>>> print(open('data.txt').read())   # compact mmCIF, C-alpha atoms
# COMPACT_ATOMS: atom_id res chain seq x y z
CA MET A 72 134.02 87.48 112.76
CA SER A 73 136.36 90.21 113.90
CA GLU A 74 133.73 92.90 114.16
CA ASN A 75 132.26 93.76 117.52
CA PRO A 76 128.55 92.71 117.56
CA LEU A 77 127.66 96.07 119.12
CA SER A 78 129.11 98.01 116.21
CA LEU A 79 127.23 95.73 113.81
CA TRP A 80 124.00 96.58 115.69
CA VAL A 81 124.83 100.29 115.64
CA TYR A 82 125.33 100.06 111.89
CA LEU A 83 122.19 98.01 111.17
CA SER A 84 119.90 99.90 113.53
CA GLN A 85 120.56 103.09 111.57
CA SER A 86 119.94 101.54 108.16
CA PRO A 87 116.53 101.40 106.46
CA LEU A 88 117.10 97.71 105.67
CA LEU A 89 116.60 96.51 109.24
CA TRP A 90 113.38 98.46 109.90
CA LEU A 91 111.82 97.63 106.56
CA THR A 92 112.57 93.95 107.19
CA VAL A 93 111.14 94.14 110.73
CA THR A 94 107.94 95.80 109.43
CA LEU A 95 107.35 93.19 106.72
CA LEU A 96 108.36 90.22 108.86
CA VAL A 97 106.22 91.12 111.86
CA TYR A 98 103.25 91.85 109.59
CA ALA A 99 103.74 88.56 107.70
CA ILE A 100 103.64 86.65 111.00
CA ALA A 101 100.63 88.63 112.31
CA ASP A 102 98.83 88.01 109.01
CA ALA A 103 99.61 84.27 109.11
CA VAL A 104 98.16 84.12 112.64
CA SER A 105 95.07 86.01 111.45
CA LEU A 106 94.65 83.48 108.62
CA ALA A 107 95.17 80.54 110.98
CA THR A 108 92.34 81.86 113.22
CA HIS A 109 90.05 82.06 110.15
CA ARG A 110 90.32 85.87 110.12
CA ASN A 111 89.06 86.29 113.65
CA PRO A 112 88.51 90.07 114.04
CA LEU A 113 90.56 90.14 117.26
CA ALA A 114 93.60 88.73 115.44
CA ASN A 115 93.76 92.00 113.47
CA PRO A 116 97.23 92.06 111.87
CA VAL A 117 97.68 95.86 112.15
CA LEU A 118 96.91 95.86 115.87
CA HIS A 119 99.38 93.10 116.67
CA SER A 120 102.13 94.39 114.34
CA MET A 121 101.81 97.81 115.97
CA TRP A 122 102.45 96.76 119.56
CA ILE A 123 105.10 94.16 118.70
CA ILE A 124 107.15 96.64 116.62
CA GLY A 125 106.49 99.42 119.15
CA ALA A 126 107.75 97.24 122.03
CA PHE A 127 110.81 96.27 119.99
CA LEU A 128 111.65 99.95 119.36
CA LEU A 129 111.28 100.79 123.05
CA LEU A 130 113.40 97.80 124.16
CA THR A 131 116.20 98.66 121.74
CA GLY A 132 115.94 102.40 122.42
CA THR A 133 115.34 103.15 118.75
CA SER A 134 113.65 106.45 117.87
CA TYR A 135 110.53 106.53 115.70
CA THR A 136 112.40 108.74 113.21
CA THR A 137 115.04 106.04 112.71
CA TYR A 138 112.33 103.37 112.36
CA PHE A 139 110.41 105.50 109.87
CA GLY A 140 113.56 105.80 107.74
CA GLY A 141 112.96 102.15 106.79
CA ALA A 142 109.18 101.96 107.15
CA GLN A 143 108.56 104.98 104.91
CA PHE A 144 108.74 102.76 101.83
CA VAL A 145 105.66 100.92 103.06
CA HIS A 146 103.93 104.14 104.20
CA PHE A 147 104.47 105.67 100.75
CA LEU A 148 102.33 102.96 99.12
CA LEU A 149 99.18 104.37 100.81
CA GLY A 150 98.86 106.85 97.91
CA PRO A 151 99.20 104.32 95.04
CA ALA A 152 96.85 101.96 96.92
CA THR A 153 94.20 104.70 96.95
CA VAL A 154 94.58 105.05 93.16
CA ALA A 155 94.37 101.24 92.84
CA LEU A 156 90.87 101.34 94.37
CA ALA A 157 89.74 102.35 90.86
CA VAL A 158 89.98 98.68 89.87
CA PRO A 159 87.41 97.14 92.29
CA LEU A 160 85.25 100.17 91.56
CA TYR A 161 85.52 99.49 87.82
CA GLU A 162 84.84 95.76 88.24
CA ASN A 163 81.67 96.42 90.25
CA ARG A 164 80.57 99.42 88.16
CA LYS A 165 77.08 98.07 87.40
CA LEU A 166 76.31 97.38 91.05
CA VAL A 167 77.76 100.77 92.01
CA ALA A 168 75.80 102.66 89.36
CA ALA A 169 72.61 101.02 90.62
CA SER A 170 73.31 102.17 94.21
CA VAL A 171 74.44 105.76 93.64
CA LEU A 172 71.64 107.39 95.63
CA PRO A 173 71.89 105.21 98.77
CA MET A 174 75.66 105.70 98.61
CA LEU A 175 75.48 109.49 98.50
CA ALA A 176 72.89 109.63 101.30
CA ALA A 177 74.96 107.28 103.48
CA LEU A 178 78.15 109.20 102.68
CA VAL A 179 76.74 112.55 103.83
CA ALA A 180 75.16 111.05 106.96
CA GLY A 181 78.25 108.99 107.80
CA SER A 182 80.83 111.76 107.25
CA LEU A 183 78.84 114.21 109.36
CA THR A 184 78.37 111.65 112.13
CA ALA A 185 82.05 110.67 112.16
CA VAL A 186 83.29 114.24 112.56
CA ILE A 187 80.56 115.66 114.82
CA SER A 188 80.44 112.65 117.16
CA VAL A 189 84.17 112.62 117.81
CA VAL A 190 84.43 116.39 118.36
CA VAL A 191 81.40 116.49 120.70
CA LEU A 192 82.45 113.38 122.64
CA ALA A 193 86.02 114.63 123.03
CA GLU A 194 84.78 118.00 124.32
CA VAL A 195 82.42 116.25 126.76
CA ALA A 196 85.29 114.03 127.96
CA GLY A 197 87.18 117.24 128.72
CA LEU A 198 90.14 116.48 126.46
CA PRO A 199 92.45 119.45 125.83
CA ARG A 200 91.78 121.52 122.69
CA PRO A 201 94.82 120.37 120.63
CA ILE A 202 93.79 116.73 121.16
CA VAL A 203 90.17 117.44 120.13
CA LEU A 204 91.40 119.01 116.89
CA SER A 205 93.81 116.14 116.24
CA LEU A 206 91.02 113.55 116.62
CA ALA A 207 88.53 115.32 114.29
CA PRO A 208 89.69 113.79 110.95
CA LYS A 209 90.20 110.25 112.39
CA SER A 210 87.83 108.48 109.98
CA VAL A 211 89.81 109.21 106.80
CA THR A 212 92.91 107.47 105.54
CA ALA A 213 96.22 108.33 107.25
CA GLY A 214 97.90 110.59 104.69
CA ILE A 215 94.82 112.73 104.15
CA ALA A 216 93.92 112.96 107.84
CA MET A 217 97.46 114.15 108.62
CA GLY A 218 97.12 116.87 105.98
CA ILE A 219 93.82 118.06 107.49
CA SER A 220 95.35 118.01 110.97
CA GLU A 221 98.26 120.12 109.79
CA SER A 222 95.94 122.71 108.26
CA LEU A 223 94.15 122.98 111.65
CA HIS A 224 97.51 123.49 113.44
CA ALA A 225 96.80 120.30 115.38
CA ASP A 226 99.24 117.40 115.91
CA PRO A 227 99.52 115.27 112.71
CA SER A 228 101.39 112.43 114.45
CA LEU A 229 98.62 112.12 117.06
CA THR A 230 96.09 112.20 114.20
CA ALA A 231 97.91 109.29 112.53
CA VAL A 232 97.64 107.26 115.73
CA ALA A 233 93.92 108.13 116.10
CA VAL A 234 93.35 107.13 112.47
CA VAL A 235 94.97 103.74 112.94
CA LEU A 236 93.16 103.09 116.26
CA THR A 237 89.83 104.02 114.66
CA GLY A 238 90.55 101.73 111.72
CA ILE A 239 91.44 98.81 113.96
CA MET A 240 88.38 99.27 116.19
CA GLY A 241 86.08 99.57 113.17
CA ALA A 242 87.61 96.46 111.59
CA ILE A 243 87.23 94.46 114.81
CA ILE A 244 83.67 95.53 115.57
CA VAL A 245 82.02 95.66 112.13
CA THR A 246 81.38 91.93 111.53
CA PRO A 247 79.91 91.07 114.96
CA LEU A 248 77.92 94.34 115.02
CA MET A 249 76.38 93.87 111.56
CA ASN A 250 75.65 90.18 112.20
CA ARG A 251 73.92 91.04 115.46
CA MET A 252 71.84 93.73 113.73
CA GLY A 253 70.88 91.12 111.11
CA ILE A 254 72.17 93.21 108.18
CA ALA A 255 72.84 90.93 105.21
CA ASP A 256 73.30 93.59 102.48
CA PHE A 257 77.05 93.50 101.82
CA ARG A 258 76.89 96.77 99.87
CA ALA A 259 75.64 98.57 102.98
CA ARG A 260 77.99 96.76 105.37
CA GLY A 261 81.02 97.50 103.20
CA PHE A 262 80.05 101.11 102.65
CA ALA A 263 79.59 101.70 106.39
CA VAL A 264 83.00 100.31 107.33
CA GLY A 265 84.68 102.31 104.55
CA VAL A 266 83.19 105.56 105.88
CA ALA A 267 83.84 104.78 109.55
CA ALA A 268 87.20 103.00 109.37
CA HIS A 269 88.91 103.90 106.02
CA GLY A 270 91.60 101.52 104.68
CA ILE A 271 91.86 99.17 107.66
CA GLY A 272 88.08 98.73 107.55
CA THR A 273 88.30 98.28 103.77
CA ALA A 274 90.98 95.60 104.18
CA ARG A 275 88.66 93.83 106.63
CA ALA A 276 85.71 94.14 104.19
CA PHE A 277 87.77 92.52 101.40
CA GLN A 278 88.45 89.58 103.76
CA VAL A 279 84.73 89.07 104.36
CA ASP A 280 83.20 89.66 100.91
CA ALA A 281 84.37 91.02 97.52
CA VAL A 282 81.31 93.27 97.05
CA ALA A 283 81.69 94.62 100.60
CA GLY A 284 85.34 95.36 99.79
CA ALA A 285 84.51 97.29 96.62
CA PHE A 286 81.87 99.38 98.41
CA ALA A 287 84.23 100.01 101.33
CA GLY A 288 86.87 101.25 98.90
CA ILE A 289 84.44 103.68 97.29
CA ALA A 290 83.24 104.87 100.69
CA MET A 291 86.80 105.41 101.87
CA SER A 292 87.76 107.53 98.88
CA LEU A 293 84.53 109.55 98.81
CA ASN A 294 84.83 110.12 102.55
CA ALA A 295 88.36 111.46 102.10
CA LEU A 296 86.89 114.00 99.72
CA VAL A 297 83.95 115.04 101.93
CA THR A 298 85.86 115.05 105.21
CA SER A 299 88.58 117.35 103.92
CA LEU A 300 85.83 119.89 103.21
CA LEU A 301 83.81 119.15 106.35
CA VAL A 302 86.37 119.11 109.18
CA PRO A 303 87.47 122.76 108.96
CA LEU A 304 83.80 123.80 108.89
CA ALA A 305 82.73 121.53 111.76
CA VAL A 306 85.67 122.62 113.86
CA THR A 307 84.86 126.32 113.48
CA LEU A 308 81.22 125.64 114.43
CA LEU A 309 81.72 123.14 117.27
CA VAL A 310 84.97 124.10 118.96
CA ARG A 311 85.19 127.44 120.67
CA MET B 27 104.23 94.82 85.99
CA ILE B 28 106.57 97.84 85.87
CA ALA B 29 104.39 99.51 83.24
CA SER B 30 101.28 98.89 85.36
CA LEU B 31 102.88 100.35 88.49
CA SER B 32 104.10 103.31 86.44
CA LEU B 33 100.55 103.93 85.24
CA ILE B 34 99.26 103.92 88.84
CA LEU B 35 102.01 106.32 89.94
CA LEU B 36 101.38 108.49 86.89
CA CYS B 37 97.69 108.79 87.80
CA GLN B 38 98.64 109.77 91.37
CA LEU B 39 101.19 112.29 90.08
CA ALA B 40 98.65 113.82 87.69
CA GLY B 41 96.17 113.98 90.60
CA GLU B 42 98.67 115.82 92.82
CA VAL B 43 99.54 118.28 90.04
CA PHE B 44 95.84 118.91 89.31
CA VAL B 45 94.93 119.47 92.98
CA ARG B 46 97.85 121.81 93.57
CA ALA B 47 97.50 123.74 90.32
CA PHE B 48 93.84 124.53 91.04
CA LYS B 49 94.33 124.81 94.83
CA LEU B 50 91.54 122.27 95.44
CA PRO B 51 90.90 121.08 99.00
CA MET B 52 90.74 117.43 97.90
CA PRO B 53 93.45 114.77 98.15
CA GLY B 54 95.63 114.08 95.07
CA PRO B 55 95.35 110.25 95.18
CA VAL B 56 91.54 110.50 95.05
CA VAL B 57 91.81 112.49 91.79
CA GLY B 58 94.27 109.81 90.63
CA LEU B 59 91.63 107.16 91.39
CA LEU B 60 89.05 108.98 89.26
CA LEU B 61 91.61 109.31 86.46
CA LEU B 62 92.44 105.58 86.46
CA LEU B 63 88.73 104.75 86.51
CA ALA B 64 88.14 107.05 83.53
CA LEU B 65 91.02 105.35 81.67
CA LEU B 66 89.59 101.88 82.30
CA LEU B 67 86.13 102.95 81.13
CA ALA B 68 87.56 104.72 78.05
CA ARG B 69 89.53 101.59 77.17
CA ASP B 70 86.31 99.56 76.88
CA ARG B 71 84.88 102.12 74.47
CA PHE B 72 87.96 102.93 72.36
CA LYS B 73 90.00 99.87 71.42
CA VAL B 74 93.08 102.02 70.56
CA LEU B 75 93.63 102.58 74.28
CA ALA B 76 93.85 98.84 75.02
CA ARG B 77 97.63 98.60 74.99
CA GLY B 78 100.51 98.34 77.47
CA PRO B 79 99.25 98.10 81.06
CA LEU B 80 95.67 98.62 79.89
CA GLN B 81 95.52 95.19 78.27
CA GLN B 82 95.53 91.61 79.58
CA ASP B 83 94.60 92.68 83.08
CA GLY B 84 97.97 94.44 83.57
CA VAL B 85 96.92 97.37 85.74
CA GLU B 86 94.11 95.27 87.26
CA ASN B 87 96.57 92.68 88.57
CA ALA B 88 99.01 95.29 89.88
CA SER B 89 96.14 97.02 91.73
CA ARG B 90 94.89 93.76 93.21
CA GLY B 91 98.43 93.11 94.42
CA LEU B 92 98.57 96.50 96.19
CA LEU B 93 95.10 96.10 97.72
CA ALA B 94 95.70 92.52 98.89
CA HIS B 95 97.86 93.92 101.70
CA LEU B 96 96.18 97.25 102.29
CA SER B 97 96.34 96.89 106.06
CA LEU B 98 100.15 96.46 106.02
CA LEU B 99 100.44 100.03 104.72
CA PHE B 100 98.98 101.41 107.98
CA VAL B 101 101.57 99.74 110.21
CA PRO B 102 104.27 102.48 110.00
CA ALA B 103 101.76 105.23 110.95
CA GLY B 104 100.38 103.04 113.74
CA VAL B 105 103.80 102.42 115.27
CA GLY B 106 103.95 106.22 115.71
CA VAL B 107 102.09 105.52 118.95
CA VAL B 108 105.54 105.10 120.61
CA GLN B 109 106.07 108.86 120.28
CA LYS B 110 102.87 109.57 122.18
CA LEU B 111 103.29 107.39 125.27
CA ASP B 112 103.21 110.30 127.75
CA LEU B 113 100.03 111.62 126.17
CA ILE B 114 98.50 108.14 126.23
CA ALA B 115 99.39 107.66 129.91
CA GLU B 116 97.47 110.87 130.63
CA HIS B 117 94.49 110.72 128.22
CA GLY B 118 94.71 107.26 126.60
CA ILE B 119 91.53 105.79 128.09
CA ALA B 120 89.42 108.84 127.24
CA ILE B 121 90.78 108.89 123.67
CA VAL B 122 90.10 105.17 123.11
CA VAL B 123 86.56 105.42 124.57
CA VAL B 124 85.75 108.51 122.46
CA LEU B 125 87.05 106.86 119.27
CA ALA B 126 85.24 103.58 120.01
CA ILE B 127 81.84 105.23 120.59
CA SER B 128 82.31 107.42 117.53
CA VAL B 129 83.16 104.47 115.27
CA VAL B 130 80.13 102.42 116.41
CA VAL B 131 77.75 105.37 116.00
CA THR B 132 79.21 106.13 112.54
CA LEU B 133 78.85 102.48 111.43
CA LEU B 134 75.21 102.35 112.56
CA VAL B 135 74.18 105.72 111.08
CA THR B 136 75.87 104.93 107.73
CA VAL B 137 74.43 101.44 107.36
CA ALA B 138 70.93 102.59 108.42
CA THR B 139 70.97 105.50 105.95
CA PHE B 140 72.18 103.24 103.13
CA LEU B 141 69.44 100.65 103.75
CA PHE B 142 66.74 103.28 104.24
CA ALA B 143 67.64 105.08 100.98
CA SER B 144 67.88 101.85 99.00
CA ARG B 145 64.46 100.67 100.27
CA LEU B 146 62.98 104.05 99.44
CA MET B 147 64.39 103.75 95.90
CA ALA B 148 63.09 100.19 95.45
CA ARG B 149 59.61 101.24 96.58
CA GLY B 150 59.68 104.23 94.22
CA ARG B 151 60.55 101.93 91.33
CA SER B 152 57.92 99.25 92.04
CA ALA B 153 55.08 101.77 92.49
CA PRO B 154 55.47 104.35 89.73
>>> encode(input="data.txt", output="structure tokens")
Amino acid sequence: MSENPLSLWVYLSQSPLLWLTVTLLVYAIADAVSLATHRNPLANPVLHSMWIIGAFLLLTGTSYTTYFGGAQFVHFLLGPATVALAVPLYENRKLVAASVLPMLAALVAGSLTAVISVVVLAEVAGLPRPIVLSLAPKSVTAGIAMGISESLHADPSLTAVAVVLTGIMGAIIVTPLMNRMGIADFRARGFAVGVAAHGIGTARAFQVDAVAGAFAGIAMSLNALVTSLLVPLAVTLLVR
Amino acid sequence: MIASLSLILLCQLAGEVFVRAFKLPMPGPVVGLLLLLALLLARDRFKVLARGPLQQDGVENASRGLLAHLSLLFVPAGVGVVQKLDLIAEHGIAIVVVLAISVVVTLLVTVATFLFASRLMARGRSAP
């Protein structure tokens, strides 16, 4: 090997190949650990992939822009995955059709609560205005929340972080919370985590129960619809 | 497999075009979801549509494959936290506490509303 290892690193660290590989590899390991712990909520694969990759970027002095050059291929799939939610919805269509009214009631109540609670709490905590606006759409899936954030002239990259943190916390807390409350209706449990914690909550729901997963997927997509209408309104009324 | 993925992308593309053409405030992929659902339902009614990815579980399997690793897709956005370290040093605890309370309250309100409405419906049906 005649090439200087440093120049090899300089070459690789700028290429999408390295960062795509790192993303998939770290996630594969985090997911294997989650499986080995029988899907313990605290072994959440997104949470652990996030800090491991983040620490690796900081240690190697790699910018997020360079990392995203490789990771964007994974990020892109968020859109097609939303479309793919049509399939669990189709497979559970009879169950869904029978629960349309409870779903719509829970959707309106949940969307309103998600947006109003975070804006009011953030104002009470005395967070600066741009942060309050960036947190407002945190319960919808990343791509959509970033779009809402942009239209509010907030900080879309902070919104993305808030979205992922919300998703992780919802996914960790939902199973112990619902078990403690003695709620055995997997339609309701799935729907709640889909509204509160979008795709990461939906991924968690699919791990626990197939019906919960289907209802979480519906909740997540309906919430994306409602929240994109609701946030601009709530922000004009609540933030001044 | 390729045809099934193309169909999913095509639905998303049509959704984006629709949303932008009519300047709707809703996300393109959600319209794509509705479109794919409509296609699956139409296929059961009209046998002519049952071809290509719409037969032998083609698009169903591709979708299951995408959804099996839904949480992976959030990793790149989550790693974005490295850009916000100064902000997190200053406000991190407040942000995490605010988000945690909000997510618990949202879970409880949503699940309670769902159960309340479904009990109300069941009672309405049993006592006409």
>>> interface_residues(input="data.txt", of="chain A", to="chain B", cutoff="6 Å", atoms="all atoms listed in the file", output="PyMOL selection string")
chain A and resi 117+121+125+142+145-146+149-150+152-155+157-158+173+177+181+184-185+188-189+192+231-232+235+259+263+267+271+274+296
>>> atom_distance(input="data.txt", atom1="atom CA of Leu183 of chain A", atom2="atom CA of Phe286 of chain A")
18.7 Å
>>> atom_distance(input="data.txt", atom1="atom CA of Phe277 of chain A", atom2="atom CA of Ile187 of chain A")
27.7 Å
>>> atom_distance(input="data.txt", atom1="atom CA of Ala40 of chain B", atom2="atom CA of Leu172 of chain A")
28.9 Å
>>> closest_residue(input="data.txt", among="A:Asn75, A:Thr230, A:Thr131, A:Ser222", to="Ser205 of chain A", atoms="all atoms listed in the file")
A:Thr230
>>> closest_residue(input="data.txt", among="B:Asp112, B:Ile119, B:Glu42, B:Ser30", to="Leu80 of chain B", atoms="only C-alpha atoms")
B:Ser30
>>> residues_around(input="data.txt", residues="Tyr98 of chain A", least_positions_apart="2", cutoff="9 Å", atoms="all atoms listed in the file", output="list in words")
Val93, Thr94, Leu95, Leu96, Ile100, Ala101, Asp102, Ala103, Pro116, Val117, His119, Ser120 and Met121 of chain A; Leu98 and Val101 of chain B
>>> write_last_selection(input="data.txt", atoms="C-alpha atoms", output="compact mmCIF listing (two decimals), in the frame of the given file")
# COMPACT_ATOMS: atom_id res chain seq x y z
CA VAL A 93 111.14 94.14 110.73
CA THR A 94 107.94 95.80 109.43
CA LEU A 95 107.35 93.19 106.72
CA LEU A 96 108.36 90.22 108.86
CA ILE A 100 103.64 86.65 111.00
CA ALA A 101 100.63 88.63 112.31
CA ASP A 102 98.83 88.01 109.01
CA ALA A 103 99.61 84.27 109.11
CA PRO A 116 97.23 92.06 111.87
CA VAL A 117 97.68 95.86 112.15
CA HIS A 119 99.38 93.10 116.67
CA SER A 120 102.13 94.39 114.34
CA MET A 121 101.81 97.81 115.97
CA LEU B 98 100.15 96.46 106.02
CA VAL B 101 101.57 99.74 110.21
>>> residues_around(input="data.txt", residues="Ile244 of chain A", least_positions_apart="2", cutoff="9 Å", atoms="all atoms listed in the file", output="VMD selection string")
(chain A and resid 112 to 113 239 to 242 246 to 249) or (chain B and resid 129 to 130)
>>> closest_residue(input="data.txt", among="A:Leu130, A:Leu106, A:Leu160, A:Ile243", to="Ala287 of chain A", atoms="only C-alpha atoms")
A:Leu160
>>> closest_residue(input="data.txt", among="B:Ala76, B:Gln82, B:Arg149, B:Gly118", to="Met27 of chain B", atoms="all atoms listed in the file")
B:Gln82
